[in-house]
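What's in upload.txt: compact mmCIF, C-alpha atoms
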# COMPACT_ATOMS: atom_id res chain seq x y z
CA MET A 350 -45.95 21.15 14.43
CA ALA A 351 -42.79 22.39 16.02
CA THR A 352 -39.06 22.01 15.83
CA GLU A 353 -37.91 19.60 18.42
CA THR A 354 -36.14 21.79 20.92
CA THR A 355 -38.37 24.81 20.77
CA ALA A 356 -40.18 25.15 24.06
CA ALA A 357 -41.58 28.61 23.56
CA HIS A 358 -45.09 28.48 22.18
CA GLY A 359 -44.70 31.71 20.23
CA ALA A 360 -41.83 30.25 18.17
CA GLU A 361 -43.89 27.14 17.47
CA GLY A 362 -46.47 29.10 15.54
CA ALA A 363 -43.76 30.57 13.32
CA ALA A 364 -42.25 27.15 12.62
CA GLU A 365 -45.63 25.74 11.74
CA SER A 366 -46.08 28.11 8.80
CA SER A 367 -42.77 27.19 7.14
CA SER A 368 -42.57 24.05 5.02
CA LEU A 369 -39.41 22.72 6.62
CA VAL A 370 -40.24 20.83 9.82
CA PHE A 371 -38.05 18.39 11.66
CA HIS A 372 -39.28 15.92 14.21
CA PRO A 373 -36.36 13.52 14.27
CA MET A 374 -37.07 12.40 17.81
CA ASP A 375 -40.82 11.87 17.54
CA GLN A 376 -40.24 8.33 16.28
CA PHE A 377 -38.97 7.41 19.74
CA ILE A 378 -42.10 8.54 21.64
CA VAL A 379 -43.71 5.80 23.69
CA GLU A 380 -47.49 5.71 23.17
CA PRO A 381 -50.23 3.55 24.61
CA LEU A 382 -51.61 1.04 22.10
CA PHE A 383 -55.20 1.56 23.23
CA GLY A 384 -56.60 4.98 24.09
CA ASP A 385 -54.72 8.06 25.21
CA GLY A 386 -54.26 7.39 28.91
CA ALA A 387 -51.16 7.93 30.94
CA ILE A 388 -48.46 5.24 30.68
CA ALA A 389 -48.27 3.02 33.74
CA TRP A 390 -45.72 0.23 34.10
CA TYR A 391 -48.22 -2.39 32.84
CA THR A 392 -49.79 -0.35 29.96
CA PRO A 393 -49.45 -2.11 26.59
CA THR A 394 -47.57 0.39 24.45
CA ASN A 395 -45.83 0.48 21.08
CA VAL A 396 -42.81 -0.82 23.00
CA THR A 397 -44.85 -3.88 23.98
CA LEU A 398 -45.98 -4.37 20.38
CA TRP A 399 -42.48 -4.30 18.89
CA LEU A 400 -41.00 -6.43 21.66
CA PHE A 401 -43.77 -8.92 20.86
CA PHE A 402 -42.82 -8.80 17.17
CA ALA A 403 -39.21 -9.46 18.18
CA ILE A 404 -40.33 -12.60 20.05
CA LEU A 405 -42.36 -13.72 17.02
CA ALA A 406 -39.42 -13.11 14.67
CA ILE A 407 -37.05 -15.08 16.89
CA ILE A 408 -39.52 -17.96 17.17
CA GLY A 409 -39.98 -17.90 13.40
CA LEU A 410 -36.25 -17.80 12.74
CA LEU A 411 -34.99 -20.31 15.29
CA VAL A 412 -37.96 -22.58 16.03
CA LEU A 413 -40.26 -22.75 12.99
CA SER A 414 -37.42 -22.81 10.45
CA THR A 415 -35.82 -25.79 12.20
CA SER A 416 -39.07 -27.72 12.70
CA LYS A 417 -38.23 -30.15 9.87
CA ARG A 418 -34.79 -30.90 11.36
CA ALA A 419 -33.50 -31.34 7.81
CA ILE A 420 -30.03 -32.80 7.31
CA VAL A 421 -29.80 -30.67 4.17
CA PRO A 422 -31.06 -27.34 5.54
CA THR A 423 -33.53 -24.96 3.96
CA ARG A 424 -32.53 -21.31 3.67
CA MET A 425 -34.11 -20.23 6.93
CA GLN A 426 -32.70 -23.24 8.74
CA SER A 427 -29.25 -22.31 7.43
CA VAL A 428 -29.68 -18.83 8.87
CA ALA A 429 -30.67 -20.30 12.25
CA GLU A 430 -27.67 -22.66 12.16
CA LEU A 431 -25.33 -19.85 11.13
CA ALA A 432 -26.54 -17.66 14.03
CA TYR A 433 -26.11 -20.58 16.41
CA GLY A 434 -22.63 -21.41 15.14
CA PHE A 435 -21.59 -17.76 15.08
CA ILE A 436 -22.39 -17.09 18.75
CA TYR A 437 -21.30 -20.55 19.90
CA LYS A 438 -17.88 -20.16 18.31
CA MET A 439 -17.53 -16.59 19.61
CA LEU A 440 -18.27 -17.73 23.16
CA GLU A 441 -15.98 -20.75 22.88
CA ASP A 442 -13.10 -18.72 21.40
CA ILE A 443 -13.26 -16.04 24.10
CA CYS A 444 -14.33 -17.92 27.25
CA GLY A 445 -13.18 -21.45 26.45
CA LYS A 446 -15.08 -24.61 27.35
CA GLU A 447 -16.26 -23.23 30.71
CA GLY A 448 -18.17 -20.48 28.94
CA ILE A 449 -20.37 -22.90 26.96
CA LYS A 450 -22.92 -23.31 29.76
CA TYR A 451 -23.75 -19.59 29.52
CA PHE A 452 -24.48 -19.99 25.80
CA PRO A 453 -28.31 -19.66 26.14
CA TYR A 454 -27.92 -16.34 27.99
CA VAL A 455 -25.51 -14.91 25.43
CA MET A 456 -27.62 -16.21 22.55
CA THR A 457 -30.73 -14.61 24.09
CA LEU A 458 -28.96 -11.25 24.26
CA PHE A 459 -27.64 -11.47 20.71
CA MET A 460 -30.88 -12.65 19.12
CA PHE A 461 -32.95 -10.03 20.96
CA ILE A 462 -30.66 -7.14 20.01
CA VAL A 463 -30.10 -8.15 16.40
CA VAL A 464 -33.78 -8.85 15.75
CA ALA A 465 -34.94 -5.66 17.54
CA ASN A 466 -32.40 -3.62 15.56
CA PHE A 467 -33.59 -5.03 12.25
CA LEU A 468 -37.27 -4.65 13.15
CA GLY A 469 -36.47 -1.02 13.92
CA LEU A 470 -35.33 -0.58 10.31
CA ILE A 471 -38.85 -1.24 9.04
CA PRO A 472 -40.29 2.19 8.14
CA THR A 473 -42.73 3.59 10.77
CA SER A 474 -41.72 0.88 13.24
CA PHE A 475 -40.62 1.57 16.81
CA THR A 476 -37.00 0.79 17.62
CA THR A 477 -36.91 -0.69 21.11
CA THR A 478 -33.10 -0.86 21.24
CA SER A 479 -32.82 2.91 20.66
CA HIS A 480 -34.00 3.48 24.24
CA PHE A 481 -31.73 3.62 27.25
CA ALA A 482 -34.62 2.10 29.18
CA VAL A 483 -33.96 -1.09 27.19
CA THR A 484 -30.18 -1.07 26.82
CA ILE A 485 -29.38 -0.06 30.41
CA PRO A 486 -31.20 -3.08 31.90
CA LEU A 487 -29.44 -5.31 29.33
CA ALA A 488 -26.03 -3.89 30.24
CA LEU A 489 -26.78 -3.92 33.97
CA ALA A 490 -27.88 -7.55 33.75
CA VAL A 491 -24.55 -8.43 32.15
CA PHE A 492 -22.62 -6.33 34.69
CA LEU A 493 -24.38 -7.84 37.70
CA THR A 494 -24.17 -11.39 36.32
CA VAL A 495 -20.46 -11.04 35.63
CA THR A 496 -19.71 -9.46 39.02
CA ILE A 497 -21.71 -11.99 41.04
CA LEU A 498 -20.40 -14.89 38.95
CA GLY A 499 -16.83 -13.63 39.39
CA PHE A 500 -17.12 -13.61 43.18
CA VAL A 501 -18.97 -16.94 43.33
CA LYS A 502 -16.44 -18.70 41.08
CA ASN A 503 -13.24 -17.12 42.39
CA GLY A 504 -14.10 -15.66 45.79
CA ALA A 505 -11.81 -12.81 46.74
CA GLY A 506 -9.56 -13.93 43.90
CA PHE A 507 -11.87 -12.04 41.59
CA LEU A 508 -10.30 -8.84 42.94
CA GLY A 509 -7.11 -9.97 41.18
CA LEU A 510 -8.77 -8.54 38.10
CA PHE A 511 -7.89 -5.09 39.42
CA TRP A 512 -4.39 -5.98 40.65
CA VAL A 513 -2.17 -5.90 37.55
CA SER A 514 0.53 -8.35 38.62
CA SER A 515 2.61 -7.77 35.48
CA ALA A 516 3.11 -4.06 36.30
CA PRO A 517 5.83 -2.69 38.63
CA LEU A 518 4.74 -2.86 42.28
CA ALA A 519 4.71 0.94 42.72
CA LEU A 520 2.30 1.38 39.82
CA ARG A 521 -0.15 -1.31 40.90
CA PRO A 522 -2.30 0.76 43.31
CA VAL A 523 -2.70 3.49 40.66
CA LEU A 524 -3.58 0.91 38.03
CA ALA A 525 -6.00 -0.73 40.46
CA ILE A 526 -7.93 2.55 40.77
CA ILE A 527 -7.98 2.97 36.98
CA GLU A 528 -9.08 -0.64 36.51
CA LEU A 529 -11.80 -0.20 39.13
CA ILE A 530 -13.15 2.93 37.42
CA SER A 531 -13.04 1.27 34.02
CA TYR A 532 -14.85 -1.73 35.46
CA PHE A 533 -17.74 0.42 36.72
CA VAL A 534 -17.86 2.42 33.49
CA ARG A 535 -18.42 -0.79 31.55
CA PRO A 536 -22.24 -0.95 31.86
CA VAL A 537 -22.49 2.73 30.94
CA SER A 538 -20.47 2.43 27.74
CA HIS A 539 -22.02 -0.95 27.03
CA SER A 540 -25.58 0.45 27.04
CA ILE A 541 -24.98 3.93 25.60
CA ARG A 542 -22.97 2.53 22.67
CA LEU A 543 -25.92 0.42 21.49
CA ALA A 544 -28.74 2.91 22.09
CA GLY A 545 -26.65 5.86 20.85
CA ASN A 546 -25.69 4.22 17.55
CA VAL A 547 -29.21 3.06 16.78
CA MET A 548 -30.83 6.33 17.84
CA ALA A 549 -28.37 8.55 15.93
CA GLY A 550 -28.81 6.66 12.67
CA HIS A 551 -32.60 6.74 12.89
CA ALA A 552 -32.63 10.46 13.79
CA VAL A 553 -30.32 11.30 10.86
CA ILE A 554 -32.64 9.46 8.47
CA LYS A 555 -35.55 11.54 9.81
CA VAL A 556 -33.58 14.75 9.31
CA PHE A 557 -32.86 13.84 5.69
CA ALA A 558 -36.52 12.94 5.29
CA GLY A 559 -37.42 16.43 6.54
CA PHE A 560 -35.24 17.97 3.81
CA ALA A 561 -37.13 15.94 1.20
CA ALA A 562 -40.01 18.41 1.57
CA ILE A 563 -38.02 20.89 -0.54
CA ALA A 564 -38.44 19.81 -4.17
CA VAL A 565 -34.95 20.89 -5.31
CA ILE A 566 -33.16 19.03 -2.56
CA SER A 567 -35.41 15.97 -2.45
CA PRO A 568 -33.44 13.76 -4.94
CA VAL A 569 -30.26 14.32 -2.92
CA SER A 570 -32.25 13.74 0.24
CA VAL A 571 -33.71 10.47 -0.99
CA LEU A 572 -30.23 9.30 -2.06
CA ALA A 573 -28.88 10.25 1.35
CA ILE A 574 -31.68 8.34 3.09
CA THR A 575 -30.89 5.30 0.95
CA ALA A 576 -27.20 5.51 1.81
CA MET A 577 -27.94 6.01 5.52
CA TYR A 578 -30.33 3.08 5.45
CA GLY A 579 -27.57 0.87 4.05
CA LEU A 580 -25.26 2.07 6.79
CA GLU A 581 -27.96 1.43 9.40
CA VAL A 582 -28.35 -2.17 8.21
CA LEU A 583 -24.64 -2.57 8.87
CA VAL A 584 -24.90 -0.81 12.24
CA ALA A 585 -27.88 -2.95 13.25
CA PHE A 586 -25.76 -6.09 12.94
CA ILE A 587 -22.46 -4.66 14.12
CA GLN A 588 -23.90 -3.19 17.32
CA ALA A 589 -25.55 -6.51 18.20
CA TYR A 590 -22.21 -8.20 17.49
CA VAL A 591 -20.27 -5.69 19.58
CA PHE A 592 -22.69 -5.96 22.51
CA THR A 593 -22.43 -9.76 22.41
CA ILE A 594 -18.66 -9.94 22.05
CA LEU A 595 -18.20 -7.50 24.94
CA THR A 596 -20.54 -9.65 27.02
CA CYS A 597 -18.28 -12.62 26.21
CA VAL A 598 -15.16 -10.64 27.15
CA TYR A 599 -16.70 -9.58 30.49
CA LEU A 600 -17.77 -13.16 31.10
CA LYS A 601 -14.20 -14.29 30.49
CA ASP A 602 -13.06 -11.85 33.20
CA ALA A 603 -15.46 -13.52 35.62
CA LEU A 604 -14.25 -17.00 34.69
CA HIS A 605 -10.53 -16.27 34.46
CA PRO A 606 -9.86 -13.04 36.41
CA SER A 607 -6.05 -13.21 36.28
CA HIS A 608 -4.45 -10.69 33.97
CA MET B 709 -48.62 12.75 17.07
CA ALA B 710 -51.98 14.04 18.04
CA THR B 711 -53.65 16.72 15.98
CA GLU B 712 -55.25 18.37 18.99
CA PRO B 713 -53.41 19.71 22.00
CA LEU B 714 -53.18 17.02 24.64
CA ALA B 715 -54.30 17.29 28.23
CA LYS B 716 -51.37 18.00 30.50
CA GLU B 717 -51.66 14.82 32.57
CA VAL B 718 -51.80 12.65 29.43
CA ALA B 719 -48.80 14.22 27.79
CA GLY B 720 -46.68 14.09 30.91
CA THR B 721 -43.42 15.99 30.91
CA CYS B 722 -41.95 14.40 27.77
CA VAL B 723 -44.36 15.43 25.01
CA ASP B 724 -45.43 18.99 24.22
CA SER B 725 -48.99 20.14 23.62
CA HIS B 726 -48.80 19.08 19.93
CA GLY B 727 -47.64 15.55 20.65
CA SER B 728 -44.03 16.16 19.65
CA ALA B 729 -41.11 15.06 21.75
CA ILE B 730 -39.49 17.48 24.14
CA GLY B 731 -35.79 16.79 24.03
CA MET B 732 -34.83 13.12 23.89
CA PRO B 733 -37.65 10.64 24.52
CA GLN B 734 -34.87 8.29 25.63
CA LEU B 735 -34.44 10.43 28.75
CA CYS B 736 -38.13 10.51 29.67
CA PHE B 737 -38.12 8.66 32.96
CA ASP B 738 -41.93 8.48 33.04
CA TRP B 739 -41.70 5.71 30.46
CA PHE B 740 -38.88 3.72 32.04
CA PRO B 741 -40.97 1.38 34.23
CA ASN B 742 -43.18 0.44 31.30
CA GLN B 743 -40.25 -0.29 28.97
CA ILE B 744 -38.31 -2.21 31.60
CA PHE B 745 -41.33 -4.29 32.57
CA TRP B 746 -42.06 -5.39 29.00
CA LEU B 747 -38.37 -5.87 28.26
CA VAL B 748 -37.98 -8.27 31.19
CA ILE B 749 -41.01 -10.26 30.04
CA THR B 750 -39.65 -10.37 26.48
CA LEU B 751 -36.20 -11.51 27.58
CA VAL B 752 -37.65 -14.23 29.80
CA VAL B 753 -39.84 -15.49 26.96
CA ILE B 754 -36.95 -15.46 24.48
CA PHE B 755 -34.66 -17.18 26.99
CA LEU B 756 -37.21 -19.92 27.65
CA VAL B 757 -37.89 -20.45 23.94
CA LEU B 758 -34.18 -20.60 23.14
CA SER B 759 -33.03 -22.77 26.04
CA ARG B 760 -36.02 -25.17 25.97
CA VAL B 761 -36.71 -25.53 22.25
CA ALA B 762 -34.52 -23.76 19.72
CA LEU B 763 -30.96 -24.32 20.93
CA PRO B 764 -31.27 -28.05 21.84
CA ARG B 765 -32.97 -28.64 18.51
CA ILE B 766 -30.30 -26.84 16.48
CA ALA B 767 -27.57 -28.61 18.46
CA ALA B 768 -29.25 -31.95 17.67
CA ILE B 769 -29.49 -31.07 13.97
CA LEU B 770 -25.82 -30.09 13.81
CA ALA B 771 -24.73 -33.23 15.69
CA GLU B 772 -26.86 -35.43 13.45
CA ARG B 773 -25.38 -33.82 10.35
CA GLN B 774 -21.88 -34.29 11.71
CA GLY B 775 -22.68 -37.94 12.39
CA THR B 776 -24.10 -38.43 8.92
CA ILE B 777 -21.05 -36.87 7.33
CA THR B 778 -18.71 -39.03 9.41
CA ASN B 779 -20.68 -42.17 8.52
CA ASP B 780 -20.73 -41.29 4.86
CA LEU B 781 -16.99 -40.68 4.87
CA ALA B 782 -16.39 -44.06 6.54
CA ALA B 783 -18.67 -45.77 4.01
CA ALA B 784 -16.83 -44.06 1.17
CA GLU B 785 -13.51 -45.24 2.62
CA ASP B 786 -14.91 -48.77 2.82
CA LEU B 787 -16.14 -48.73 -0.75
CA LYS B 788 -12.82 -47.39 -1.93
CA ALA B 789 -10.96 -50.25 -0.20
CA LYS B 790 -13.37 -52.71 -1.82
CA ALA B 791 -12.77 -51.17 -5.23
CA VAL B 792 -8.99 -51.48 -4.77
CA GLU B 793 -9.45 -55.12 -3.72
CA ALA B 794 -11.60 -55.84 -6.75
CA GLU B 795 -9.05 -54.26 -9.01
CA GLU B 796 -6.30 -56.40 -7.52
CA ALA B 797 -8.38 -59.54 -7.99
CA TYR B 798 -9.09 -58.54 -11.57
CA ASN B 799 -5.41 -57.95 -12.30
CA LYS B 800 -4.50 -61.28 -10.73
CA ALA B 801 -7.13 -63.10 -12.79
CA LEU B 802 -5.85 -61.35 -15.88
CA ALA B 803 -2.24 -62.40 -15.18
CA ASP B 804 -3.36 -66.01 -14.47
CA ALA B 805 -5.33 -66.16 -17.67
CA ARG B 806 -2.40 -64.79 -19.63
CA SER B 807 0.08 -67.35 -18.26
CA GLU B 808 -2.45 -70.15 -18.80
CA ALA B 809 -2.90 -69.05 -22.39
CA GLN B 810 0.85 -69.00 -22.89
CA ARG B 811 1.16 -72.47 -21.39
CA ILE B 812 -1.56 -73.87 -23.65
CA ALA B 813 -0.02 -72.23 -26.69
CA ALA B 814 3.42 -73.68 -25.87
CA GLU B 815 1.90 -77.14 -25.35
CA ALA B 816 0.07 -76.99 -28.63
CA ARG B 817 3.19 -75.79 -30.38
CA ALA B 818 5.25 -78.67 -28.92
CA GLU B 819 2.58 -81.21 -29.89
CA ILE B 820 2.40 -79.93 -33.42
CA GLN B 821 6.20 -79.90 -33.65
CA SER B 822 6.53 -83.52 -32.55
CA GLY B 823 3.79 -84.65 -34.95
CA LEU B 824 5.50 -82.76 -37.70
CA ASP B 825 8.89 -84.36 -36.90
CA ASP B 826 7.35 -87.84 -36.96
CA ALA B 827 5.65 -87.19 -40.24
CA ILE B 828 8.83 -85.78 -41.77
CA ALA B 829 10.88 -88.79 -40.60
CA LYS B 830 8.29 -91.20 -41.94
CA ALA B 831 8.11 -89.38 -45.22
CA ASP B 832 11.92 -89.37 -45.47
CA ALA B 833 12.03 -93.10 -44.88
CA GLU B 834 9.37 -93.70 -47.46
CA ILE B 835 11.15 -91.48 -49.94
CA ALA B 836 14.43 -93.29 -49.31
CA ALA B 837 12.76 -96.69 -49.81
CA LYS B 838 11.11 -95.57 -52.99
CA ALA B 839 14.36 -94.13 -54.27
CA ALA B 840 16.24 -97.39 -53.55
CA GLU B 841 13.55 -99.40 -55.31
CA SER B 842 13.66 -97.10 -58.29
CA GLU B 843 17.42 -97.31 -58.44
CA LYS B 844 17.25 -101.08 -58.45
CA ALA B 845 14.66 -101.07 -61.20
CA ILE B 846 16.80 -98.68 -63.22
CA ALA B 847 19.85 -100.92 -62.75
CA ASP B 848 17.83 -104.00 -63.85
CA ILE B 849 16.54 -102.15 -66.85
CA ARG B 850 20.07 -100.99 -67.68
CA ALA B 851 21.51 -104.52 -67.33
CA GLY B 852 18.65 -105.90 -69.42
CA ALA B 853 19.28 -103.30 -72.07
CA LEU B 854 23.05 -104.12 -72.25
CA GLU B 855 22.34 -107.81 -72.69
CA SER B 856 19.79 -107.13 -75.40
CA ILE B 857 22.27 -104.86 -77.20
CA GLN B 858 24.90 -107.64 -77.17
CA VAL B 859 22.42 -110.22 -78.44
CA VAL B 860 21.26 -107.86 -81.20
CA ALA B 861 24.87 -106.95 -82.01
CA LYS B 862 25.91 -110.66 -82.24
CA ASP B 863 22.90 -111.46 -84.41
CA THR B 864 23.55 -108.44 -86.61
CA ALA B 865 27.26 -109.27 -86.83
CA ALA B 866 26.46 -112.90 -87.74
CA GLU B 867 23.96 -111.72 -90.37
CA LEU B 868 26.54 -109.23 -91.75
CA VAL B 869 29.20 -111.88 -91.94
CA THR B 870 26.82 -114.24 -93.69
CA ALA B 871 25.71 -111.54 -96.10
CA LEU B 872 29.34 -110.77 -96.98
CA GLY B 873 29.74 -114.38 -97.89
CA GLY B 874 31.65 -115.56 -94.98
CA GLU B 875 31.04 -118.43 -92.68
CA ALA B 876 29.68 -117.22 -89.42
CA ASP B 877 31.87 -118.44 -86.63
CA ALA B 878 29.76 -117.98 -83.54
CA LYS B 879 32.69 -118.08 -81.20
CA ALA B 880 34.74 -115.48 -83.00
CA ILE B 881 31.77 -113.16 -83.35
CA ASN B 882 30.93 -113.41 -79.61
CA SER B 883 34.42 -112.52 -78.52
CA ALA B 884 34.65 -109.66 -81.08
CA VAL B 885 31.32 -108.19 -79.95
CA ASP B 886 32.29 -108.52 -76.28
CA THR B 887 35.58 -106.78 -76.98
CA GLN B 888 33.84 -103.93 -78.80
CA ALA B 889 31.16 -103.60 -76.16
CA LYS B 890 33.73 -103.28 -73.43
CA GLY B 891 35.72 -100.74 -75.39
How does the structure come out when it is put into structure tokens?
Amino acid sequence: MATETTAAHGAEGAAESSSLVFHPMDQFIVEPLFGDGAIAWYTPTNVTLWLFFAILAIIGLLVLSTSKRAIVPTRMQSVAELAYGFIYKMLEDICGKEGIKYFPYVMTLFMFIVVANFLGLIPTSFTTTSHFAVTIPLALAVFLTVTILGFVKNGAGFLGLFWVSSAPLALRPVLAIIELISYFVRPVSHSIRLAGNVMAGHAVIKVFAGFAAIAVISPVSVLAITAMYGLEVLVAFIQAYVFTILTCVYLKDALHPSH
Amino acid sequence: MATEPLAKEVAGTCVDSHGSAIGMPQLCFDWFPNQIFWLVITLVVIFLVLSRVALPRIAAILAERQGTITNDLAAAEDLKAKAVEAEEAYNKALADARSEAQRIAAEARAEIQSGLDDAIAKADAEIAAKAAESEKAIADIRAGALESIQVVAKDTAAELVTALGGEADAKAINSAVDTQAKG
């Protein structure tokens, strides 16, 4: 057992003898489900398992709960309808009527992120959305979709997004450079915001859990874990919401690029 | 976390010999292809489930509910109009019945009044006839009584005269009695 950043093997032995050990990042290790082999691109891992659970949860929430098609909904059906209405209204408010045909894409993103975040809150589970390997493809998919869609829908007019026509003419080239940089920073901030928030919260909970090994501190530690957990529940939803609403905003840029 | 030190090729560059993470597992690029591969499969599955099954179904449920609510509201509006109509009809019937009742009462009153007037007139006439008859009878009786008094008075006067030793002169007695009776 070793502290997380210690590379030197001599220091590891010293840390092992003390009672206070922190492994806040071990929860993010990707492991093969079967055996101990190396991880190839097709190996079923704990990532695979928890992505599979996310699919099951989404099917349970949106498909099984609505199977009765009740006019007066059951609880789970209400949740499914609320999620549907929530994202539908968000998309309609931001992108207008033209945005509605991208509703399944946006809903897929939202449902995946929110369900994966909440599954990650189950103790000992693996949080898929805490990995850049998951959030970067999500953000890149949005970025590429929006960019390609913008050029297909508006042609060269999409470049008007970077030409701030309301600013004085002299300032426009400068603003265009700033706008261009901010445009390419979007997928970076989009992905790091989600993974960073989820990862930080989970790591902090682990750190508090490490302190619980000391009997005197453990009540405070348990209280702190409880409080952090509450905060993480909030973060799990808010980050999914933020990711989705930003996706809608970027989509609006592609549909209506004028400033 | 393995309890035994791992072989170097198994652990890769991201996990140390005790199975703990070196630095951030998020930055271990050995694992990226695996995560991305399974993520893409997951997203495709979720997208297919949502776009083929879940979203059309929920949309249908919401539309059906909206339709039901609209229909129910229209039906309620209809029923309300019917209720108002029924109330109007009821009020009209009530007013009709009231005026009819008043008419019948007035008719009855008039009938009774006329019957009463007839009866009173008849009774008056009868009373008047009876009164006249009675008056006549009283007058007869009175006249009869006066005559009888004169006859008795003449007889008594004649008897008195005779008793006093006089000669009863019928003529003188008659005139004297008549004179007294008049006076």
Which residue, B:Asn742, B:Asp848, B:Ile812, B:Gly727, has the smallest gap to chain A when you use only C-alpha atoms?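 Closest to chain A of all the choices is B:Asn742.
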Counting all atoms listed in the file, note down every residue that has an atom within 12 Å of the point (-25.1, -7.8, 34.2) (file coordinates), as a PDB file with C-alpha atoms, in the frame of the given file.
ATOM      1  CA  TYR A 454     -27.920 -16.340  27.990  1.00  0.00           C
ATOM      2  CA  VAL A 455     -25.510 -14.910  25.430  1.00  0.00           C
ATOM      3  CA  LEU A 458     -28.960 -11.250  24.260  1.00  0.00           C
ATOM      4  CA  THR A 484     -30.180  -1.070  26.820  1.00  0.00           C
ATOM      5  CA  ILE A 485     -29.380  -0.060  30.410  1.00  0.00           C
ATOM      6  CA  PRO A 486     -31.200  -3.080  31.900  1.00  0.00           C
ATOM      7  CA  LEU A 487     -29.440  -5.310  29.330  1.00  0.00           C
ATOM      8  CA  ALA A 488     -26.030  -3.890  30.240  1.00  0.00           C
ATOM      9  CA  LEU A 489     -26.780  -3.920  33.970  1.00  0.00           C
ATOM     10  CA  ALA A 490     -27.880  -7.550  33.750  1.00  0.00           C
ATOM     11  CA  VAL A 491     -24.550  -8.430  32.150  1.00  0.00           C
ATOM     12  CA  PHE A 492     -22.620  -6.330  34.690  1.00  0.00           C
ATOM     13  CA  LEU A 493     -24.380  -7.840  37.700  1.00  0.00           C
ATOM     14  CA  THR A 494     -24.170 -11.390  36.320  1.00  0.00           C
ATOM     15  CA  VAL A 495     -20.460 -11.040  35.630  1.00  0.00           C
ATOM     16  CA  THR A 496     -19.710  -9.460  39.020  1.00  0.00           C
ATOM     17  CA  ILE A 497     -21.710 -11.990  41.040  1.00  0.00           C
ATOM     18  CA  LEU A 498     -20.400 -14.890  38.950  1.00  0.00           C
ATOM     19  CA  GLY A 499     -16.830 -13.630  39.390  1.00  0.00           C
ATOM     20  CA  TYR A 532     -14.850  -1.730  35.460  1.00  0.00           C
ATOM     21  CA  PHE A 533     -17.740   0.420  36.720  1.00  0.00           C
ATOM     22  CA  ARG A 535     -18.420  -0.790  31.550  1.00  0.00           C
ATOM     23  CA  PRO A 536     -22.240  -0.950  31.860  1.00  0.00           C
ATOM     24  CA  VAL A 537     -22.490   2.730  30.940  1.00  0.00           C
ATOM     25  CA  HIS A 539     -22.020  -0.950  27.030  1.00  0.00           C
ATOM     26  CA  SER A 540     -25.580   0.450  27.040  1.00  0.00           C
ATOM     27  CA  LEU A 595     -18.200  -7.500  24.940  1.00  0.00           C
ATOM     28  CA  THR A 596     -20.540  -9.650  27.020  1.00  0.00           C
ATOM     29  CA  CYS A 597     -18.280 -12.620  26.210  1.00  0.00           C
ATOM     30  CA  TYR A 599     -16.700  -9.580  30.490  1.00  0.00           C
ATOM     31  CA  LEU A 600     -17.770 -13.160  31.100  1.00  0.00           C
ATOM     32  CA  ALA A 603     -15.460 -13.520  35.620  1.00  0.00           C
TER      33      ALA A 603
END
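The closest residue to chain B, picked from A:Phe481, A:Phe435, A:Pro381, A:Pro472 and counting all atoms listed in the file, is A:Phe481.
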How many Å lie between atom CA of Phe377 of chain A and atom CA of His551 of chain A, rounded to one decimal? 9.4 Å
Using only C-alpha atoms, select each residue of chain B with any atom at most 6 Å away from an atom of chain A, and give the selection as a CSV table (one decimal) with C-alpha atoms, in the frame of the given file.
chain,number,residue,atom,x,y,z
B,718,VAL,CA,-51.8,12.6,29.4
B,728,SER,CA,-44.0,16.2,19.6
B,729,ALA,CA,-41.1,15.1,21.8
B,731,GLY,CA,-35.8,16.8,24.0
B,733,PRO,CA,-37.6,10.6,24.5
B,734,GLN,CA,-34.9,8.3,25.6
B,740,PHE,CA,-38.9,3.7,32.0
B,741,PRO,CA,-41.0,1.4,34.2
B,742,ASN,CA,-43.2,0.4,31.3
B,746,TRP,CA,-42.1,-5.4,29.0
B,755,PHE,CA,-34.7,-17.2,27.0
B,759,SER,CA,-33.0,-22.8,26.0
B,762,ALA,CA,-34.5,-23.8,19.7
B,769,ILE,CA,-29.5,-31.1,14.0
B,773,ARG,CA,-25.4,-33.8,10.4
So which residues touch segment 556-563 of chain A within 9 Å, counting all atoms listed in the file, skipping near sequence neighbours fewer than 6 positions away, as a list in words?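 Final neighbour list, sorted by chain and number: Ser368, Leu369, Val370, Phe371, His372, Pro373, Val569, Ser570, Val571, Ala573 and Ile574 of chain A.
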Tell me which of A:Lys450, A:Val463, A:Phe511, A:Lys601 sits closest to Val523 of chain A, counting all atoms listed in the file.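 The answer is A:Phe511, which sits nearest to Val523 of chain A.
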Within 9 Å of Leu508 of chain A, counting all atoms listed in the file, which residues qualify if same-chain residues fewer than 5 places away don't, as a ChimeraX atom specification? /A:499-500,503,606
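Reported to one decimal place, the separation of atom CA of Ala549 of chain A from atom CA of Ile594 of chain A is 21.8 Å.
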Applying 10 Å and all atoms listed in the file, which residues near Ala889 of chain B remain after dropping the ones on its own chain fewer than 6 positions away? List them as a PyMOL selection string. chain B and resi 854+857-858+861+883
From B:Ala831, B:Ile881, B:Leu758, B:Ile744, residue lying nearest Glu867 of chain B [only C-alpha atoms]: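 So, comparing all the options, the nearest one is B:Ile881.
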Quick one: distance from atom CA of Ile443 of chain A to atom CA of Thr593 of chain A in Å, one decimal?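 About the pair atom CA of Ile443 of chain A and atom CA of Thr593 of chain A: they are 11.2 Å apart.
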Enclose all atoms of segment 544-559 of chain A listed in the file in an axis-aligned box, grow every side by 8 Å, and hand back centre and edge lengths in Å to one decimal, as lines of an AutoDock Vina configuration file.
center_x = -31.6
center_y = 9.7
center_z = 13.7
size_x = 27.7
size_y = 29.5
size_z = 32.8
